[in-house]
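Below you'll find the structure, written out as structure tokens, and then a few comments.
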Amino acid sequence: MSTPVALQPLLSVDALRKSFGGVEAVRGVSFDVRLGQLVALIGTNGAGKTTTFNCINGQLRPDSGKVFYNAGALTTEERMALEQAGEIAKHPTQNRSDDNITGRPPRRITKLGIGRTFQITATFASMTVLENIQMVLIAQRKKWRRLWGVAGDLYREEAFSHLETVGLAAQGHRHVATLAYGDLKRLELAMALACQPKLLLMDEPTAGMGIGERDDLMRLTHTIARKKRIGVLFTEHDTDAIFNYADWIIVMHRGEVLAKGTSDSIKNNVTVREAYLGKGNDHA
Amino acid sequence: MSFLLIQFLTGLSSAAVLFLVASGLALIFGVTRILNFTHGSLYMLGAFIAYTLTQRLGSDGFAFWESLLLSAGAVGVIGAGIEILVLRRIYAVPELFQLLVTFALVLIVQDVALYIWGPENLLGPQAPGLQGSIQIFGEPFPTYDLFLIGMAVLVCGGLSLFLNKTKLGILIRAATEDREMIGCLGVNQKWLFTGVFALGSALAGLGGALQLPRESISLSMDMSMILEVFVVVVIGGLGSIRGAAWAAVIVGLTQAFGILIFPQITLVLLFLIMAVVLSIKPYGLFGSMEEMQIEKTTLATGAMRREPPFAKWAWMALGLILLSLPLWIGSYGLTLASEILIMALFSASLYFIMGPGGIGVFGHALYFGLGAYTAAMGVKYLSVTMPLALLAAPFVAIAGALLFGWFCVRSQGIYLAMLTFAFAQMVWAVAFQWYDVTGGDNGLLGVWPDAWVNGKTAFYYLTLALTGAGFFMLRHLVFTPFGYALRGVRDNAKRAEAVGLNGPKIQYLGLALAGAFAGLAGALFAYSKGSVFPTSLDLNTTMRAYVMTILGGIGSITGPLTGSALYTTLESEISRETDMWRLFLGLIILAIILFFPRGMAGTLSAWSERRKEQQT
Ligand SMILES: Nc1ncnc2c1ncn2[C@@H]1O[C@H](COP(=O)(O)OP(=O)(O)OP(=O)(O)O)[C@@H](O)[C@H]1O
Ligand SMILES: [Mg+2]
């Protein structure tokens with residue numbers, strides 16, 4: 001079945017399943033993420049959020065189900081403009097299966113334009129903040145095979161600009177080992193951005209941060225997503241971050257999707273309240 | 001038909017001893033996560049002590065069996081002593097250092113045993129009541145071997161009862177399976193570890209003692225046993241007793257039948273099986289990756305700094321000294337200096353793969369030896385000129401690294417280290433057993449440099465030029481994009497993969513690069529000595545490079561240089577005084593790791609940093 005590229009979402013997760021031994025971590029999860037949207041994937045500890053992320057970016061191979069990624073996606077506004085002008089029909093079409101990225105290794109998937117941050121921060125510990133970004137750029141541009149030249153001289157300006165985006169430029173020459181936790185989280189965001197993503201996966205971006213810091217980071221993410229036309233899928237336990245910034249919320253519970261909707265509809269959803277929100281607000 | 005049956009039983013009886021020793025090793029590894037090189041030495045001690053006891057207590061009837069059991073007990077006590085005195089201090093250090101410490105103990109035990117029992121092979125008494133053989137389908141089979149099989153079955157049953165039914169046994173199993181639980185044991189943890197070590201050691205001792213009526217006991221028992229036992233536990237899956245049992249049977253039978261088909265290359269066959277099993281199941285038959293992930297070789301050497309501005313002057317000063325050396329140092333000094341340079345290059349190549357690459361390898365001598373044999377065989381059989389031999393050596397080493405590395409980088413941590421070790425031993429076995437081509441342990445002689453560099457001074461300058469170039473290339477590589485990628489994969493494999501780096505491929509190429517420089521060093525070494533022996537491929541050669549690297553400090557590539565200068569000089573001084581270089585090497589390793597785990601350079605820089613901090 002072929003449909004216009006422009007109509008397809010940026011990311012489509014379809015009936016994803018993954019179990020570890022006897023534990024069914026993800027049981028038939030489906031949802032979409034559109035370009036320019038901030039989508040929150042929420043749920044109690046062990047709900048299967050990180051596992052879902054790992055299946056999307058290729059770190060885990062799902063037992064069944066599919067992940068589609070459509071690099072030619074449009075933002076909602078762009079799409080509506082196209083529809084109003086009646087130009088959708090002129091746009092190229094493609095089969096769904098062309099976008100299937102299920103089971104590809106992370107290093108391939110990231111090159112398609114998917115960047116991610118990890119719940120437990122993952123950076124290159126022996127390098128400086130700037131070098132961490134340079135490393136990402138070197139990897140993305142396949143320059144890692146070079147046996148000559150000094151890596152520290154490559155892409156400096158560009159790496160600095162990514163650091164400026166997240167407000168870390170002043171810390172560029174510090175070693176990551178000496179960074180505060182909140183700064184590490186921001187460095188991870190900068191590393192993900194250095195992958196020139198269309199889709200950004202952020203696993204608990206604000207966990208372990210101070211309250212003011214959390215809001216700053218979420219606002220920053222929001223701005224970047226709008227400005228750079230990026231779709232963001234993030235998991236969170238912090239309700240403020242979720243309800244203030246998410247355009248769309250997906251609630252997971254024990255590996256299944258319990259509800260989907262806007263902030264208001266989720267806030268007022270009785271089942272969600274019972275399963276999740278009712279048990280206190282902050283699980284971080 | 002009956003012949004095959006006999007061969008089958010022979011295989012089982014060697015499997016029996018293998019299992020006894022390997023189960024002890026698996027038990028120890030499961031609980032303490034230390035892969036204990038000393039295990040082979042404990043096995044050897046079991047045999048020697050049993051020998052002495054039968055001499056003292058007599059060898060008939062009760063006294064014989066009493067000696068065997070006492071010996072096993074004594075080895076258990078020795079094991080506990082080693083655990084309390086040494087290993088207890090190093091549970092928290094990177095596993096590579098732990099392996100080095102246990103290897104140091106191997107060396108120490110070797111010289112101590114040599115001192116006590118002398119260099120001759122000893123022949124123990126026959127087992128009373130079990131001499132001779134019985135007829136099985138008309139073929140004779142040694143009664144004692146049958147007894148061994150029974151014994152192993154008995155121990156296997158006993159162990160499984162112990163692990164499943166007793167409180168202590170269940171605790172041991174829980175500790176093996178759930179690492180987090182260990183932390184909750186508190187004080188008891190200490191004694192659990194000691195107890196397990198004693199039990200495992202006693203099993204090794206028993207295995208050794210039981211060999212007494214079977215074969216003459218010698219000082220090489222430790223190495224040959226530890227090799228086989230490593231193969232067994234790695235095939236079975238580290239820490240798994242069930243795995244050890246199955247793998248012992250596989251290995252025992254392979255040897256029994258392999259000897260019929262390829263009598264020359266039984267050792268090669270052994271490592272081939274291991275390579276095949278690990279390339280299908282990278283964590284052994286009964287091992288799992290989750291278990292190993294916690295224990296990845298963590299050698300993160302901290303921040304990698306560019307050198308301070310004055311370093312340029314230091315390098316120039318060093319260069320001038322090295323250039324002027326022939327003017328004032330004399331012939332002996334010059335030979336020593338050449339050797340220091342060669343070993344520095346070899347160690348630097350090891351540093352490259354273990355520091356920035358973060359990969360612990362135990363077979364690095366493979367590339368050194370390949371380089372050395374390439375040069376020697378080139379000179380011997382093809383009469384190649386020296387420049388050609390020196391050029392070919394790195395390429396042969398790279399070819400070796402690409403061939404074997406492909407299997408290695410699919411594993412991680414200890415498995416990877418053991419695989420590199422296995423391949424090095426395989427090539428060692430070829431060099432050792434393929435007499436017609438490699439000269440076996442007589443080596444290849446007459447590998448002298450071409451006429452134009454045949455003087456000591458000329459050869460020194462050639463060595464200086466080549467090792468200097470190699471050294472600076474390696475040093476530069478650390479800072480190239482590839483060097484960064486290697487470090488990136490080391491620092492965080494998950495992150496590296498997520499930003500687009502192919503970890504195994506990068507490590508694979510890293511191994512090949514390091515191999516090239518090791519190969520060059522090996523070829524130079526062959527020319528400097530005028531000969532090559534299988535020892536250039538063995539574990540001691542790898543270990544020397546480790547000692548130098550760590551002695552100098554693994555924080556920077558200057559470490560291997562300092563380390564080689566210190567160690568090579570010391571070793572050559574000591575070997576002029578005494579034969580006990582093993583004891584010496586062992587004690588040095590112990591001292592470094594227990595007291596200066598960051599090496600000399602590392603300790604100094606830590607000290608200067610602390611001073612700087614105090615000032616600000
Ligand atoms: N590698 C693994 N092996 C075994 N079980 C796992 C593994 N990874 C996750 N699980 C299990 O899968 C379930 C879902 O875990 P997951 O990490 O996806 O939850 P989560 O929603 O991210 O939780 P949290 O909010 O704590 O991060 C949990 O029960 C977890 O124990
Ligand atoms: Mg999670």
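In the structure tokens, chains take letters A, B, ... by order of appearance, with residues numbered from 1 within each chain and ligands from 1 in the order shown.
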
Please check the contacts: residues of chain A at most 10 Å away from chain B, using only C-alpha atoms, listed as a compact mmCIF listing (two decimals) with N, CA and C atoms, in the first residue's frame.
```txt
# COMPACT_ATOMS: atom_id res chain seq x y z
N ASN A 57 15.82 2.38 18.94
CA ASN A 57 17.13 2.79 18.41
C ASN A 57 18.02 1.59 18.09
N GLY A 58 17.48 0.39 18.21
CA GLY A 58 18.20 -0.76 17.70
C GLY A 58 19.07 -1.46 18.72
N GLN A 59 19.07 -0.95 19.93
CA GLN A 59 19.92 -1.59 20.92
C GLN A 59 19.38 -2.96 21.29
N PRO A 105 21.07 -2.30 13.49
CA PRO A 105 21.92 -1.95 14.64
C PRO A 105 21.92 -0.43 14.89
N PRO A 106 22.14 -0.02 16.13
CA PRO A 106 22.10 1.40 16.51
C PRO A 106 22.97 2.28 15.62
N ARG A 107 24.14 1.78 15.23
CA ARG A 107 25.04 2.64 14.48
C ARG A 107 24.47 2.98 13.10
N ARG A 108 23.61 2.10 12.57
CA ARG A 108 22.95 2.41 11.30
C ARG A 108 21.80 3.36 11.55
N ILE A 109 21.05 3.05 12.60
CA ILE A 109 19.85 3.82 12.87
C ILE A 109 20.18 5.28 13.16
N THR A 110 21.23 5.52 13.90
CA THR A 110 21.56 6.90 14.23
C THR A 110 21.88 7.71 12.98
N LYS A 111 22.46 7.04 11.98
CA LYS A 111 22.81 7.78 10.78
C LYS A 111 21.59 8.19 9.97
N ILE A 114 18.44 9.63 14.00
CA ILE A 114 17.84 9.38 15.31
C ILE A 114 18.93 9.53 16.37
N GLY A 115 18.75 10.48 17.27
CA GLY A 115 19.71 10.66 18.35
C GLY A 115 19.06 10.28 19.66
N ARG A 116 19.86 9.82 20.63
CA ARG A 116 19.21 9.49 21.88
C ARG A 116 20.06 9.84 23.09
N THR A 117 19.39 10.03 24.21
CA THR A 117 20.10 10.14 25.47
C THR A 117 19.70 8.95 26.33
N PHE A 118 20.51 8.65 27.32
CA PHE A 118 20.26 7.45 28.12
C PHE A 118 19.78 7.81 29.52
N THR A 121 23.29 8.35 32.36
CA THR A 121 24.04 9.11 31.36
C THR A 121 25.20 8.30 30.79
N ALA A 122 25.30 8.36 29.48
CA ALA A 122 26.37 7.63 28.80
C ALA A 122 27.20 8.63 27.99
N THR A 123 28.39 8.93 28.49
CA THR A 123 29.28 9.84 27.77
C THR A 123 30.65 9.17 27.66
N PHE A 124 31.55 9.81 26.94
CA PHE A 124 32.91 9.27 26.84
C PHE A 124 33.74 9.83 27.99
N ALA A 125 33.95 9.00 28.99
CA ALA A 125 34.42 9.51 30.28
C ALA A 125 35.86 10.03 30.25
N SER A 126 36.66 9.59 29.30
CA SER A 126 38.05 10.02 29.33
C SER A 126 38.27 11.29 28.51
N MET A 127 37.19 11.82 27.97
CA MET A 127 37.35 12.97 27.08
C MET A 127 36.77 14.24 27.70
N THR A 128 37.16 15.37 27.12
CA THR A 128 36.57 16.63 27.57
C THR A 128 35.17 16.77 26.98
N GLU A 131 35.42 17.38 23.32
CA GLU A 131 35.84 16.17 22.60
C GLU A 131 34.70 15.16 22.48
N ASN A 132 33.82 15.13 23.47
CA ASN A 132 32.67 14.25 23.38
C ASN A 132 31.85 14.57 22.14
N GLN A 134 32.96 16.29 19.50
CA GLN A 134 33.80 16.03 18.32
C GLN A 134 33.77 14.54 17.96
N MET A 135 33.80 13.71 18.99
CA MET A 135 33.75 12.27 18.76
C MET A 135 32.47 11.90 18.01
N VAL A 136 31.37 12.48 18.44
CA VAL A 136 30.09 12.20 17.78
C VAL A 136 30.16 12.63 16.31
N LEU A 137 30.71 13.82 16.08
CA LEU A 137 30.77 14.32 14.71
C LEU A 137 31.68 13.44 13.86
N ILE A 138 32.79 13.04 14.44
CA ILE A 138 33.72 12.14 13.72
C ILE A 138 33.01 10.84 13.36
N ALA A 139 32.24 10.31 14.31
CA ALA A 139 31.53 9.06 14.05
C ALA A 139 30.47 9.24 12.98
N GLN A 140 29.71 10.32 13.11
CA GLN A 140 28.63 10.55 12.16
C GLN A 140 29.14 10.73 10.74
N ARG A 141 30.32 11.35 10.62
CA ARG A 141 30.82 11.62 9.26
C ARG A 141 31.82 10.58 8.79
N LYS A 142 31.85 9.45 9.48
CA LYS A 142 32.70 8.33 9.06
C LYS A 142 34.17 8.72 8.95
N LYS A 143 34.62 9.63 9.80
CA LYS A 143 36.03 10.00 9.75
C LYS A 143 36.87 9.16 10.72
N TRP A 144 36.22 8.19 11.39
CA TRP A 144 36.95 7.45 12.41
C TRP A 144 38.04 6.56 11.85
N ARG A 145 38.01 6.32 10.55
CA ARG A 145 39.04 5.45 9.98
C ARG A 145 40.39 6.15 9.83
N ARG A 146 40.38 7.46 9.97
CA ARG A 146 41.60 8.22 9.70
C ARG A 146 42.71 7.90 10.69
N LEU A 147 43.87 7.59 10.14
CA LEU A 147 45.03 7.30 10.98
C LEU A 147 45.97 8.50 11.02
N TRP A 148 45.52 9.63 10.51
CA TRP A 148 46.39 10.81 10.53
C TRP A 148 45.57 12.00 11.05
N GLY A 149 46.24 13.07 11.28
CA GLY A 149 45.53 14.26 11.74
C GLY A 149 45.23 14.17 13.23
N VAL A 150 44.90 15.28 13.82
CA VAL A 150 44.59 15.31 15.25
C VAL A 150 43.09 15.48 15.42
N ALA A 151 42.50 14.51 16.11
CA ALA A 151 41.04 14.51 16.25
C ALA A 151 40.56 15.79 16.93
N GLY A 152 41.35 16.28 17.88
CA GLY A 152 40.95 17.47 18.63
C GLY A 152 40.82 18.72 17.76
N ASP A 153 41.39 18.68 16.56
CA ASP A 153 41.29 19.85 15.67
C ASP A 153 40.09 19.78 14.74
N LEU A 154 39.42 18.64 14.72
CA LEU A 154 38.32 18.46 13.76
C LEU A 154 37.02 19.05 14.31
N HIS A 175 36.89 18.03 31.79
CA HIS A 175 36.67 16.60 31.58
C HIS A 175 35.30 16.22 32.08
N VAL A 176 34.64 15.32 31.38
CA VAL A 176 33.27 15.01 31.76
C VAL A 176 33.19 14.46 33.17
N ALA A 177 34.28 13.84 33.63
CA ALA A 177 34.27 13.26 34.96
C ALA A 177 34.06 14.34 36.03
N GLU A 188 24.68 15.20 27.16
CA GLU A 188 24.06 14.12 26.39
C GLU A 188 23.10 14.66 25.34
N MET A 191 25.14 15.88 22.55
CA MET A 191 25.66 14.77 21.75
C MET A 191 24.58 14.24 20.82
N ALA A 192 23.37 14.15 21.35
CA ALA A 192 22.27 13.67 20.51
C ALA A 192 22.01 14.66 19.38
N ALA A 194 24.13 16.59 18.00
CA ALA A 194 25.23 16.54 17.04
C ALA A 194 25.00 15.46 15.99
N CYS A 195 24.08 14.54 16.26
CA CYS A 195 23.73 13.53 15.27
C CYS A 195 22.79 14.09 14.22
```

_I need the alpha helix (DSSP H) residues of region 298-353 of chain B per DSSP on the backbone, written as a ChimeraX atom specification._
/B:311-328,330-353

*asked:* Report as a VMD selection string all protein, DNA and RNA residues lying within 9 Å of Leu7 (chain A), evaluated on only C-alpha atoms, omitting residues in the same chain fewer than 2 positions from it.
replied: chain A and resid 3 to 5 9 73 to 74 79 88

Just-selected residues, N, CA, C and O atoms written as a PDB file, in the first residue's frame:
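Contents of selection16.pdb, freshly written:
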```pdb
ATOM      1  N   THR A   3       1.371   5.311   0.254  1.00  0.00           N
ATOM      2  CA  THR A   3       0.724   6.546   0.680  1.00  0.00           C
ATOM      3  C   THR A   3       1.717   7.688   0.537  1.00  0.00           C
ATOM      4  O   THR A   3       2.915   7.454   0.501  1.00  0.00           O
ATOM      5  N   PRO A   4       1.233   8.910   0.472  1.00  0.00           N
ATOM      6  CA  PRO A   4       2.164  10.036   0.360  1.00  0.00           C
ATOM      7  C   PRO A   4       3.096  10.106   1.561  1.00  0.00           C
ATOM      8  O   PRO A   4       2.661   9.973   2.699  1.00  0.00           O
ATOM      9  N   VAL A   5       4.372  10.289   1.282  1.00  0.00           N
ATOM     10  CA  VAL A   5       5.371  10.381   2.337  1.00  0.00           C
ATOM     11  C   VAL A   5       4.978  11.449   3.346  1.00  0.00           C
ATOM     12  O   VAL A   5       5.100  11.294   4.555  1.00  0.00           O
ATOM     13  N   PRO A   9       3.696   9.602   9.665  1.00  0.00           N
ATOM     14  CA  PRO A   9       4.363  10.185  10.832  1.00  0.00           C
ATOM     15  C   PRO A   9       5.875   9.948  10.770  1.00  0.00           C
ATOM     16  O   PRO A   9       6.343   9.124   9.991  1.00  0.00           O
ATOM     17  N   ALA A  73       9.173  13.059   6.758  1.00  0.00           N
ATOM     18  CA  ALA A  73       7.944  13.507   7.408  1.00  0.00           C
ATOM     19  C   ALA A  73       7.854  15.026   7.449  1.00  0.00           C
ATOM     20  O   ALA A  73       8.848  15.729   7.307  1.00  0.00           O
ATOM     21  N   LEU A  74       6.640  15.517   7.637  1.00  0.00           N
ATOM     22  CA  LEU A  74       6.416  16.953   7.755  1.00  0.00           C
ATOM     23  C   LEU A  74       5.814  17.271   9.116  1.00  0.00           C
ATOM     24  O   LEU A  74       5.248  16.400   9.771  1.00  0.00           O
ATOM     25  N   ARG A  79       1.923  20.066   6.990  1.00  0.00           N
ATOM     26  CA  ARG A  79       1.028  19.124   6.344  1.00  0.00           C
ATOM     27  C   ARG A  79      -0.324  19.779   6.060  1.00  0.00           C
ATOM     28  O   ARG A  79      -0.887  19.628   4.984  1.00  0.00           O
ATOM     29  N   ILE A  88      -1.096  17.696  -1.754  1.00  0.00           N
ATOM     30  CA  ILE A  88      -0.668  16.408  -1.235  1.00  0.00           C
ATOM     31  C   ILE A  88      -0.510  15.388  -2.347  1.00  0.00           C
ATOM     32  O   ILE A  88       0.451  14.627  -2.401  1.00  0.00           O
TER      33      ILE A  88
END
```

_All residues having an atom within 10 Å of ligand 1 (only C-alpha atoms and all ligand atoms) as number ranges by chain_ = A: 18-26, 41-55, 60, 119-120, 203-204, 235-237, 252-255, 283-284; B: 290

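The shortest atom-to-atom distance to ligand 2, with only C-alpha atoms and all ligand atoms taken into account, belongs to A:Pro205 out of A:Asp215, A:Ile249, A:Thr221, A:Pro205.
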
*With a distance cut-off of 10 Å and only C-alpha atoms, select the neighbouring residues of Ser331 (chain B), excluding the residue or stretch itself and same-chain residues fewer than 6 positions from it, and output the selection as a ChimeraX atom specification.*
/B:337,456-457

*asked:* Need to verify the contact set: Ser59 (chain B), 10 Å, only C-alpha atoms, exclusion of same-chain residues closer than 5 positions in sequence. Can you return it as a list in words?
replied: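 So, after excluding close chain neighbours, the residues are Tyr51, Leu53, Thr54, Phe64, Trp65, Glu66, Ser67, Gly124, Pro125, Gln126, Ala127 and Pro128 of chain B.
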
Using N, CA, C and O atoms, can you write the selected residues to a file as an mmCIF file, in the first residue's frame?
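This is the output file again-v6.cif:
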```cif
data_model
loop_
_atom_site.group_PDB
_atom_site.id
_atom_site.type_symbol
_atom_site.label_atom_id
_atom_site.label_comp_id
_atom_site.auth_asym_id
_atom_site.auth_seq_id
_atom_site.Cartn_x
_atom_site.Cartn_y
_atom_site.Cartn_z
ATOM 1 N N TYR B 51 54.106 -36.433 46.461
ATOM 2 C CA TYR B 51 55.351 -37.185 46.261
ATOM 3 C C TYR B 51 56.167 -37.214 47.540
ATOM 4 O O TYR B 51 56.574 -38.266 48.020
ATOM 5 N N LEU B 53 55.209 -36.652 50.576
ATOM 6 C CA LEU B 53 54.522 -37.368 51.646
ATOM 7 C C LEU B 53 54.661 -38.880 51.479
ATOM 8 O O LEU B 53 54.890 -39.597 52.461
ATOM 9 N N THR B 54 54.528 -39.352 50.236
ATOM 10 C CA THR B 54 54.682 -40.806 50.063
ATOM 11 C C THR B 54 56.111 -41.232 50.378
ATOM 12 O O THR B 54 56.341 -42.354 50.825
ATOM 13 N N PHE B 64 49.606 -44.492 51.442
ATOM 14 C CA PHE B 64 49.546 -43.879 50.117
ATOM 15 C C PHE B 64 48.338 -42.956 49.988
ATOM 16 O O PHE B 64 48.447 -41.784 49.633
ATOM 17 N N TRP B 65 47.181 -43.516 50.329
ATOM 18 C CA TRP B 65 45.950 -42.720 50.183
ATOM 19 C C TRP B 65 45.949 -41.552 51.154
ATOM 20 O O TRP B 65 45.468 -40.466 50.846
ATOM 21 N N GLU B 66 46.510 -41.828 52.341
ATOM 22 C CA GLU B 66 46.608 -40.755 53.327
ATOM 23 C C GLU B 66 47.446 -39.606 52.754
ATOM 24 O O GLU B 66 47.093 -38.430 52.862
ATOM 25 N N SER B 67 48.562 -39.943 52.099
ATOM 26 C CA SER B 67 49.428 -38.916 51.516
ATOM 27 C C SER B 67 48.669 -38.079 50.501
ATOM 28 O O SER B 67 48.777 -36.854 50.487
ATOM 29 N N GLY B 124 56.621 -41.038 41.016
ATOM 30 C CA GLY B 124 55.960 -41.437 42.254
ATOM 31 C C GLY B 124 55.694 -42.928 42.280
ATOM 32 O O GLY B 124 55.910 -43.632 41.290
ATOM 33 N N PRO B 125 55.202 -43.418 43.424
ATOM 34 C CA PRO B 125 54.884 -44.851 43.560
ATOM 35 C C PRO B 125 53.583 -45.195 42.853
ATOM 36 O O PRO B 125 52.786 -44.322 42.541
ATOM 37 N N GLN B 126 53.397 -46.492 42.589
ATOM 38 C CA GLN B 126 52.130 -46.966 42.036
ATOM 39 C C GLN B 126 51.075 -46.953 43.125
ATOM 40 O O GLN B 126 51.391 -47.016 44.301
ATOM 41 N N ALA B 127 49.835 -46.866 42.712
ATOM 42 C CA ALA B 127 48.760 -46.911 43.691
ATOM 43 C C ALA B 127 48.579 -48.340 44.176
ATOM 44 O O ALA B 127 48.373 -49.231 43.357
ATOM 45 N N PRO B 128 48.663 -48.570 45.474
ATOM 46 C CA PRO B 128 48.542 -49.935 45.990
ATOM 47 C C PRO B 128 47.169 -50.524 45.657
ATOM 48 O O PRO B 128 46.151 -49.867 45.847
#
```

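Those residues that approach Arg17 (chain A) to within 8 Å, counting only C-alpha atoms, are Glu24, Ala25, Val26, Arg27, Gly28, Val29, Pro62, Asp63, Ser64 and Gly65 of chain A; same-chain residues fewer than 6 positions away are not listed.
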
Atoms to include: all heavy atoms. Write the selected residues as a compact mmCIF listing (two decimals), in the first residue's frame.
```
# COMPACT_ATOMS: atom_id res chain seq x y z
N GLU A 24 7.75 -10.18 30.53
CA GLU A 24 7.29 -9.50 29.31
C GLU A 24 7.36 -8.00 29.55
O GLU A 24 6.45 -7.40 30.12
CB GLU A 24 5.86 -9.92 29.00
CG GLU A 24 5.74 -11.37 28.55
CD GLU A 24 4.33 -11.65 28.04
OE1 GLU A 24 3.41 -11.71 28.88
OE2 GLU A 24 4.18 -11.78 26.82
N ALA A 25 8.45 -7.38 29.11
CA ALA A 25 8.68 -5.97 29.41
C ALA A 25 7.79 -5.08 28.55
O ALA A 25 7.29 -4.06 29.01
CB ALA A 25 10.15 -5.62 29.20
N VAL A 26 7.62 -5.44 27.29
CA VAL A 26 6.79 -4.65 26.38
C VAL A 26 5.82 -5.60 25.69
O VAL A 26 6.22 -6.59 25.10
CB VAL A 26 7.66 -3.93 25.33
CG1 VAL A 26 6.79 -3.22 24.31
CG2 VAL A 26 8.58 -2.93 26.00
N ARG A 27 4.51 -5.29 25.80
CA ARG A 27 3.52 -6.24 25.29
C ARG A 27 2.58 -5.58 24.30
O ARG A 27 1.51 -5.12 24.65
CB ARG A 27 2.72 -6.81 26.45
CG ARG A 27 3.59 -7.44 27.52
CD ARG A 27 2.77 -8.16 28.53
NE ARG A 27 2.05 -7.23 29.41
CZ ARG A 27 1.18 -7.63 30.32
NH1 ARG A 27 0.91 -8.90 30.46
NH2 ARG A 27 0.58 -6.74 31.09
N GLY A 28 3.03 -5.49 23.05
CA GLY A 28 2.15 -4.96 22.01
C GLY A 28 1.94 -3.47 22.10
O GLY A 28 0.81 -3.01 22.24
N VAL A 29 3.01 -2.71 22.05
CA VAL A 29 2.90 -1.26 22.15
C VAL A 29 2.88 -0.62 20.76
O VAL A 29 3.69 -0.98 19.91
CB VAL A 29 4.08 -0.70 22.97
CG1 VAL A 29 4.21 0.79 22.78
CG2 VAL A 29 3.90 -1.06 24.43
N PRO A 62 13.36 -6.34 18.86
CA PRO A 62 12.08 -6.74 19.44
C PRO A 62 11.73 -8.18 19.05
O PRO A 62 12.17 -8.67 18.02
CB PRO A 62 11.09 -5.75 18.82
CG PRO A 62 11.77 -5.19 17.63
CD PRO A 62 13.24 -5.27 17.88
N ASP A 63 10.95 -8.85 19.92
CA ASP A 63 10.53 -10.22 19.60
C ASP A 63 9.58 -10.19 18.42
O ASP A 63 9.61 -11.06 17.56
CB ASP A 63 9.83 -10.85 20.81
CG ASP A 63 10.76 -10.93 22.00
OD1 ASP A 63 11.99 -10.93 21.76
OD2 ASP A 63 10.28 -10.98 23.14
N SER A 64 8.70 -9.19 18.42
CA SER A 64 7.83 -9.02 17.25
C SER A 64 7.39 -7.57 17.22
O SER A 64 7.68 -6.80 18.12
CB SER A 64 6.63 -9.95 17.33
OG SER A 64 5.79 -9.56 18.39
N GLY A 65 6.69 -7.21 16.16
CA GLY A 65 6.30 -5.81 16.00
C GLY A 65 7.30 -5.08 15.13
O GLY A 65 8.35 -5.62 14.79
```

*Grab the CA of Ile84 (chain B) to CA of Gly586 (chain B) distance for me, in Å with one decimal place.*
17.9 Å

_Using only C-alpha atoms, which protein or nucleic acid residues come within 9 Å of Leu464 (chain B)? Drop anything in the same chain fewer than 6 positions from it, and give the result as number ranges by chain._
B: 322-323, 338, 341-342

*Pick from B:Phe162, B:Ile574, B:Tyr461, B:Ile265: nearest to Trp434 (chain B), with only C-alpha atoms counted?*
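Ranking B:Phe162, B:Ile574, B:Tyr461, B:Ile265 by distance to Trp434 (chain B), first place goes to B:Ile265.
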
*A:Leu220, A:Leu38, A:Ala225, A:Met202: which is nearest ligand 2, counting only C-alpha atoms and all ligand atoms?*
A:Met202

Which of region 82-277 of chain B end up as strand (DSSP E) when DSSP is run on this backbone - answer as a compact mmCIF listing (two decimals) with N, CA and C atoms, in the first residue's frame?
```txt
# COMPACT_ATOMS: atom_id res chain seq x y z
N SER B 133 46.72 -53.68 34.78
CA SER B 133 45.56 -53.31 33.99
C SER B 133 44.54 -54.44 33.99
N ILE B 134 43.35 -54.10 33.60
CA ILE B 134 42.33 -55.13 33.46
C ILE B 134 41.96 -55.26 31.99
N GLN B 135 41.37 -56.38 31.66
CA GLN B 135 41.01 -56.62 30.26
C GLN B 135 39.61 -56.11 29.98
N ILE B 136 39.52 -55.27 28.97
CA ILE B 136 38.20 -54.83 28.54
C ILE B 136 38.04 -55.25 27.08
N GLU B 139 41.23 -56.08 25.49
CA GLU B 139 42.31 -55.09 25.45
C GLU B 139 42.65 -54.68 26.88
N PRO B 140 43.92 -54.49 27.16
CA PRO B 140 44.28 -54.07 28.52
C PRO B 140 43.99 -52.58 28.72
N PHE B 141 43.50 -52.27 29.91
CA PHE B 141 43.27 -50.86 30.25
C PHE B 141 43.73 -50.65 31.68
N PRO B 142 44.51 -49.59 31.96
CA PRO B 142 45.05 -49.40 33.30
C PRO B 142 43.95 -49.30 34.35
```
